[in-house]
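Source file protein_39.pdb; content: PDB, C-alpha atoms.
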```pdb
ATOM      1  CA  MET I  19     -10.855-124.467-104.146
ATOM      2  CA  SER I  20     -12.742-123.640-107.335
ATOM      3  CA  ALA I  21     -16.260-122.259-107.460
ATOM      4  CA  ALA I  22     -19.131-124.623-108.137
ATOM      5  CA  THR I  23     -22.385-124.307-110.031
ATOM      6  CA  THR I  24     -25.610-125.638-108.546
ATOM      7  CA  THR I  25     -28.630-126.173-110.788
ATOM      8  CA  VAL I  26     -32.160-125.445-109.583
ATOM      9  CA  ASN I  27     -34.856-126.765-111.908
ATOM     10  CA  VAL I  28     -37.786-124.508-112.751
ATOM     11  CA  GLY I  29     -40.791-126.681-113.489
ATOM     12  CA  ASP I  30     -44.459-126.026-113.901
ATOM     13  CA  PHE I  31     -45.323-124.328-110.615
ATOM     14  CA  TRP I  32     -42.260-125.343-108.590
ATOM     15  CA  PHE I  33     -38.539-124.757-108.044
ATOM     16  CA  CYS I  34     -36.255-127.796-107.360
ATOM     17  CA  ASN I  35     -38.891-130.502-107.947
ATOM     18  CA  SER I  36     -42.660-130.933-107.785
ATOM     19  CA  SER I  37     -42.618-131.704-104.052
ATOM     20  CA  PHE I  38     -41.763-128.028-103.440
ATOM     21  CA  SER I  39     -44.894-126.633-105.151
ATOM     22  CA  GLY I  40     -46.352-124.217-102.582
ATOM     23  CA  SER I  41     -43.293-124.444-100.327
ATOM     24  CA  VAL I  42     -39.711-123.144-100.331
ATOM     25  CA  CYS I  43     -36.968-124.819-102.400
ATOM     26  CA  PRO I  44     -33.776-124.810-100.271
ATOM     27  CA  THR I  45     -30.319-124.511-101.835
ATOM     28  CA  ARG I  46     -27.012-124.326 -99.923
ATOM     29  CA  ILE I  47     -23.820-123.115-101.581
ATOM     30  CA  ALA I  48     -20.448-121.621-100.647
ATOM     31  CA  THR I  49     -19.389-118.042-101.319
ATOM     32  CA  GLY I  50     -18.323-117.549-104.918
ATOM     33  CA  ASP I  51     -20.588-120.349-106.189
ATOM     34  CA  THR I  52     -23.199-119.870-108.897
ATOM     35  CA  VAL I  53     -26.833-120.941-108.997
ATOM     36  CA  THR I  54     -28.215-121.695-112.444
ATOM     37  CA  TRP I  55     -31.988-121.931-112.761
ATOM     38  CA  ASN I  56     -32.911-124.342-115.573
ATOM     39  CA  TRP I  57     -36.394-124.152-117.089
ATOM     40  CA  VAL I  58     -37.728-127.717-117.499
ATOM     41  CA  GLY I  59     -41.477-127.053-117.680
ATOM     42  CA  GLY I  60     -43.590-125.389-120.309
ATOM     43  CA  ALA I  61     -45.169-122.513-118.356
ATOM     44  CA  ALA I  62     -43.695-119.016-118.093
ATOM     45  CA  HIS I  63     -41.755-118.222-114.885
ATOM     46  CA  SER I  64     -39.109-115.921-113.429
ATOM     47  CA  THR I  65     -36.579-116.094-110.630
ATOM     48  CA  THR I  66     -36.793-112.817-108.768
ATOM     49  CA  ALA I  67     -34.928-111.829-105.586
ATOM     50  CA  CYS I  68     -36.932-110.875-102.485
ATOM     51  CA  SER I  69     -35.798-108.820 -99.518
ATOM     52  CA  ASP I  70     -36.712-111.461 -96.930
ATOM     53  CA  GLY I  71     -38.553-114.679 -96.177
ATOM     54  CA  THR I  72     -41.982-113.051 -96.409
ATOM     55  CA  PHE I  73     -41.528-113.017-100.217
ATOM     56  CA  SER I  74     -43.466-109.744-100.380
ATOM     57  CA  THR I  75     -40.862-107.177-101.542
ATOM     58  CA  CYS I  76     -39.264-108.616-104.662
ATOM     59  CA  GLY I  77     -37.562-107.295-107.780
ATOM     60  CA  ALA I  78     -34.231-106.320-109.286
ATOM     61  CA  ALA I  79     -33.565-103.868-106.438
ATOM     62  CA  GLN I  80     -33.315-106.877-104.083
ATOM     63  CA  GLY I  81     -30.553-108.526-106.129
ATOM     64  CA  TRP I  82     -31.739-110.008-109.411
ATOM     65  CA  ASP I  83     -34.760-110.446-111.634
ATOM     66  CA  SER I  84     -34.648-112.837-114.562
ATOM     67  CA  PRO I  85     -36.863-112.253-117.547
ATOM     68  CA  ILE I  86     -40.125-114.204-117.590
ATOM     69  CA  MET I  87     -39.046-117.281-119.545
ATOM     70  CA  THR I  88     -40.442-120.606-120.771
ATOM     71  CA  SER I  89     -37.066-122.262-121.517
ATOM     72  CA  GLY I  90     -33.341-121.755-121.102
ATOM     73  CA  THR I  91     -31.296-120.846-118.029
ATOM     74  CA  PHE I  92     -30.577-117.886-115.780
ATOM     75  CA  SER I  93     -27.480-117.722-113.548
ATOM     76  CA  ARG I  94     -26.302-115.655-110.595
ATOM     77  CA  THR I  95     -23.028-115.839-108.674
ATOM     78  CA  PHE I  96     -23.223-115.264-104.912
ATOM     79  CA  ASN I  97     -20.097-113.574-103.525
ATOM     80  CA  ASN I  98     -21.423-112.758-100.055
ATOM     81  CA  THR I  99     -22.630-114.970 -97.231
ATOM     82  CA  GLY I 100     -26.251-114.792 -96.182
ATOM     83  CA  THR I 101     -29.689-116.100 -96.992
ATOM     84  CA  PHE I 102     -31.231-114.956-100.252
ATOM     85  CA  TYR I 103     -34.923-115.440-100.978
ATOM     86  CA  TYR I 104     -36.596-115.525-104.387
ATOM     87  CA  ARG I 105     -39.924-116.242-106.053
ATOM     88  CA  CYS I 106     -41.547-116.484-109.457
ATOM     89  CA  GLN I 107     -43.241-113.193-110.325
ATOM     90  CA  VAL I 108     -45.918-115.051-112.313
ATOM     91  CA  HIS I 109     -46.710-117.572-109.511
ATOM     92  CA  PRO I 110     -45.558-115.819-106.297
ATOM     93  CA  THR I 111     -47.299-118.097-103.782
ATOM     94  CA  ALA I 112     -46.627-121.433-105.484
ATOM     95  CA  MET I 113     -42.994-120.897-106.445
ATOM     96  CA  ARG I 114     -40.541-119.737-103.787
ATOM     97  CA  GLY I 115     -36.917-120.520-102.976
ATOM     98  CA  ARG I 116     -34.030-119.801-100.637
ATOM     99  CA  VAL I 117     -30.287-119.776-101.313
ATOM    100  CA  GLU I 118     -28.122-120.088 -98.205
ATOM    101  CA  VAL I 119     -24.577-118.918 -98.932
ATOM    102  CA  ILE I 120     -22.005-120.064 -96.374
ATOM    103  CA  GLN I 121     -18.337-119.335 -95.834
ATOM    104  CA  ASP I 122     -16.678-122.772 -96.076
ATOM    105  CA  THR I 123     -12.905-122.285 -95.964
ATOM    106  CA  ASP I 124     -12.014-125.990 -96.143
ATOM    107  CA  GLY I 125     -14.743-126.978 -98.615
ATOM    108  CA  ASP I 126     -16.227-129.729 -96.457
ATOM    109  CA  GLY I 127     -19.832-128.512 -96.645
ATOM    110  CA  TRP I 128     -19.907-127.129 -93.100
ATOM    111  CA  SER I 129     -19.941-123.367 -92.635
ATOM    112  CA  ASP I 130     -17.008-121.836 -90.787
ATOM    113  CA  ALA I 131     -19.493-120.513 -88.206
ATOM    114  CA  ALA I 132     -20.933-123.995 -87.564
ATOM    115  CA  GLU I 133     -17.447-125.504 -87.273
ATOM    116  CA  ALA I 134     -16.477-122.875 -84.705
ATOM    117  CA  ILE I 135     -19.530-123.817 -82.630
ATOM    118  CA  ILE I 136     -18.983-127.592 -82.804
ATOM    119  CA  GLY I 137     -15.270-127.323 -82.152
ATOM    120  CA  THR I 138     -13.769-128.303 -85.501
ATOM    121  CA  ASP I 139     -11.097-126.400 -87.376
ATOM    122  CA  PRO I 140     -12.778-124.455 -90.230
ATOM    123  CA  ALA I 141      -9.481-124.258 -92.117
ATOM    124  CA  ARG I 142      -8.804-128.025 -92.173
ATOM    125  CA  LYS I 143     -10.712-130.846 -93.818
ATOM    126  CA  CYS I 144     -10.923-133.960 -91.672
ATOM    127  CA  GLY I 145      -7.508-134.378 -90.164
ATOM    128  CA  ALA I 146      -5.958-135.054 -86.796
ATOM    129  CA  ASN I 147      -7.773-132.880 -84.231
ATOM    130  CA  ALA I 148      -9.833-131.226 -86.991
ATOM    131  CA  TRP I 149     -12.918-133.398 -86.544
ATOM    132  CA  PRO I 150     -13.908-134.842 -83.144
ATOM    133  CA  PRO I 151     -15.308-138.183 -84.505
ATOM    134  CA  ASP I 152     -11.762-139.099 -85.590
ATOM    135  CA  ILE I 153     -11.524-141.250 -82.472
ATOM    136  CA  ASN I 154      -8.180-142.892 -83.281
ATOM    137  CA  ASN I 155      -6.578-139.655 -84.635
ATOM    138  CA  ASP I 156      -5.512-141.193 -87.947
ATOM    139  CA  GLY I 157      -6.800-138.217 -89.961
ATOM    140  CA  LEU I 158      -9.925-140.053 -91.200
ATOM    141  CA  VAL I 159     -13.432-140.574 -89.896
ATOM    142  CA  ASP I 160     -14.101-144.131 -91.035
ATOM    143  CA  VAL I 161     -15.911-147.320 -90.110
ATOM    144  CA  ILE I 162     -12.837-149.481 -89.625
ATOM    145  CA  GLY I 163     -10.770-147.132 -87.509
ATOM    146  CA  ASP I 164     -13.358-145.112 -85.625
ATOM    147  CA  ILE I 165     -16.847-146.585 -85.688
ATOM    148  CA  SER I 166     -15.720-150.172 -85.062
ATOM    149  CA  ARG I 167     -13.821-148.902 -82.040
ATOM    150  CA  VAL I 168     -17.069-147.840 -80.355
ATOM    151  CA  ALA I 169     -19.533-150.232 -82.023
ATOM    152  CA  GLY I 170     -18.697-152.994 -79.568
ATOM    153  CA  GLU I 171     -19.918-150.808 -76.719
ATOM    154  CA  PHE I 172     -23.470-150.338 -78.029
ATOM    155  CA  GLY I 173     -26.136-152.106 -75.992
ATOM    156  CA  LYS I 174     -23.900-152.635 -72.958
ATOM    157  CA  ALA I 175     -24.946-151.460 -69.526
ATOM    158  CA  VAL I 176     -23.352-148.274 -68.302
ATOM    159  CA  GLY I 177     -21.620-148.442 -64.955
ATOM    160  CA  PRO I 178     -22.064-145.914 -62.189
ATOM    161  CA  PRO I 179     -20.576-142.468 -62.728
ATOM    162  CA  PRO I 180     -17.216-141.813 -61.115
ATOM    163  CA  ARG I 181     -17.319-140.476 -57.573
ATOM    164  CA  SER I 182     -16.404-136.870 -57.220
ATOM    165  CA  HIS I 183     -13.443-136.026 -55.024
ATOM    166  CA  ARG I 184     -14.106-133.675 -52.193
TER     167      ARG I 184
END
```
Translate the structure of the given file into structure tokens.
Amino acid sequence: MSAATTTVNVGDFWFCNSSFSGSVCPTRIATGDTVTWNWVGGAAHSTTACSDGTFSTCGAAQGWDSPIMTSGTFSRTFNNTGTFYYRCQVHPTAMRGRVEVIQDTDGDGWSDAAEAIIGTDPARKCGANAWPPDINNDGLVDVIGDISRVAGEFGKAVGPPPRSHR
């Protein structure tokens, strides 16, 4: 699986888009992926790593610190799992973000840790026994084979539970 690049826009007083002004822009990527911040506004901003979600201890010592820029891009590749926080040094309370880096062996968008909890195989993309919603075990989770198989049961009354054997 090849590494991907995710773009985070840097606008006037926000990361991601204007709805995140004053809140935290969330980004989720896999290990080895790159985030590229793309300046789309006219004001000067930075993308500066912070030690945690309080956004109070920030700077190059925490991972990265772009120059204060008004245009262009800044990129960083994330090779380790974890949650990485960042802010704009010029507008530290209005512009904040979070990059969640997950280990995703099969590239399906679910972290290996989450797949272990929900009972799927983190090394296999949807396949027989890899994903519980594959009701008919044909290797696909689809409307025709799986959903239609249970759709006819919606809205029906549920009978009594089976009696336990003593």
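Picture a line from CA of Gln121 (chain I) to CA of Asn97 (chain I); it runs 9.8 Å.
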(request) Please measure the separation of CA of Trp128 (chain I) and CA of Ile165 (chain I), giving the value in Å to one decimal. (result) 21.0 Å
Mind running region 61-154 of chain I against region 29-32 of chain I at 12 Å and telling me each contacting residue's nearest atom pair with the distance in Å (one decimal), counting only C-alpha atoms, chain and number ascending, as JSON lines?
```
{"residue": "I:Ala61", "atom": "CA", "partner": "I:Asp30", "partner_atom": "CA", "distance": 5.7}
{"residue": "I:Ala62", "atom": "CA", "partner": "I:Asp30", "partner_atom": "CA", "distance": 8.2}
{"residue": "I:His63", "atom": "CA", "partner": "I:Phe31", "partner_atom": "CA", "distance": 8.3}
{"residue": "I:Ser64", "atom": "CA", "partner": "I:Phe31", "partner_atom": "CA", "distance": 10.8}
{"residue": "I:Thr65", "atom": "CA", "partner": "I:Trp32", "partner_atom": "CA", "distance": 11.0}
{"residue": "I:Met87", "atom": "CA", "partner": "I:Gly29", "partner_atom": "CA", "distance": 11.3}
{"residue": "I:Thr88", "atom": "CA", "partner": "I:Gly29", "partner_atom": "CA", "distance": 9.5}
{"residue": "I:Ser89", "atom": "CA", "partner": "I:Gly29", "partner_atom": "CA", "distance": 9.9}
{"residue": "I:Gly90", "atom": "CA", "partner": "I:Gly29", "partner_atom": "CA", "distance": 11.7}
{"residue": "I:Arg105", "atom": "CA", "partner": "I:Trp32", "partner_atom": "CA", "distance": 9.7}
{"residue": "I:Cys106", "atom": "CA", "partner": "I:Phe31", "partner_atom": "CA", "distance": 8.8}
{"residue": "I:Gln107", "atom": "CA", "partner": "I:Phe31", "partner_atom": "CA", "distance": 11.3}
{"residue": "I:Val108", "atom": "CA", "partner": "I:Phe31", "partner_atom": "CA", "distance": 9.4}
{"residue": "I:His109", "atom": "CA", "partner": "I:Phe31", "partner_atom": "CA", "distance": 7.0}
{"residue": "I:Pro110", "atom": "CA", "partner": "I:Phe31", "partner_atom": "CA", "distance": 9.5}
{"residue": "I:Thr111", "atom": "CA", "partner": "I:Phe31", "partner_atom": "CA", "distance": 9.5}
{"residue": "I:Ala112", "atom": "CA", "partner": "I:Phe31", "partner_atom": "CA", "distance": 6.0}
{"residue": "I:Met113", "atom": "CA", "partner": "I:Trp32", "partner_atom": "CA", "distance": 5.0}
{"residue": "I:Arg114", "atom": "CA", "partner": "I:Trp32", "partner_atom": "CA", "distance": 7.6}
{"residue": "I:Gly115", "atom": "CA", "partner": "I:Trp32", "partner_atom": "CA", "distance": 9.1}
```
(request) To one decimal in Å, tell me the separation between CA of Thr25 (chain I) and CA of Gly125 (chain I). (result) 18.5 Å
(request) Tell me which protein, DNA and RNA residues are within 9 Å of Thr49 (chain I), counting only C-alpha atoms, leaving out same-chain ones fewer than 5 positions away, and put them as a PyMOL selection string. (result) chain I and resi 21+95-99+119-122
(request) Enumerate, as an MDAnalysis selection string, the protein, DNA and RNA residues whose atoms approach (-44.4, -108.9, -98.5) to within 12 Å, taking into account all atoms listed in the file and the coordinate frame of the file. (result) chainID I and resid 68:77 103:105 110:111
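The residue that comes closest to Arg116 (chain I), out of I:Ala175, I:Ala67, I:Val58, I:Ala169 and on the basis of all atoms listed in the file, is I:Ala67.
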(request) Can you give me, as a PyMOL selection string, the residues this file yields under the PyMOL selection byres ((chain I and resi 133) around 12)? (result) chain I and resi 120-132+134-144+148-150
(message) Can you spell out as a PyMOL selection string the set of residues that the PyMOL selection byres ((chain I and resi 91) around 6) selects in the structure I just provided?
(response) chain I and resi 55-56+90+92
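Taking all atoms listed in the file into account, Val117 (chain I) lies nearest to I:Thr45 out of the set I:Ser93, I:Thr45, I:Ser36, I:Thr54.
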(message) Please determine, counting only C-alpha atoms, which residue among I:Val176, I:Pro44, I:Gly60, I:Ile86 has the shortest atom-to-atom distance to Phe102 (chain I).
(response) I:Pro44
(message) I need the residue nearest Thr23 (chain I) from this list: I:Thr66, I:Thr52, I:Ser166, I:Gln80. Use all atoms listed in the file for the distance.
(response) I:Thr52
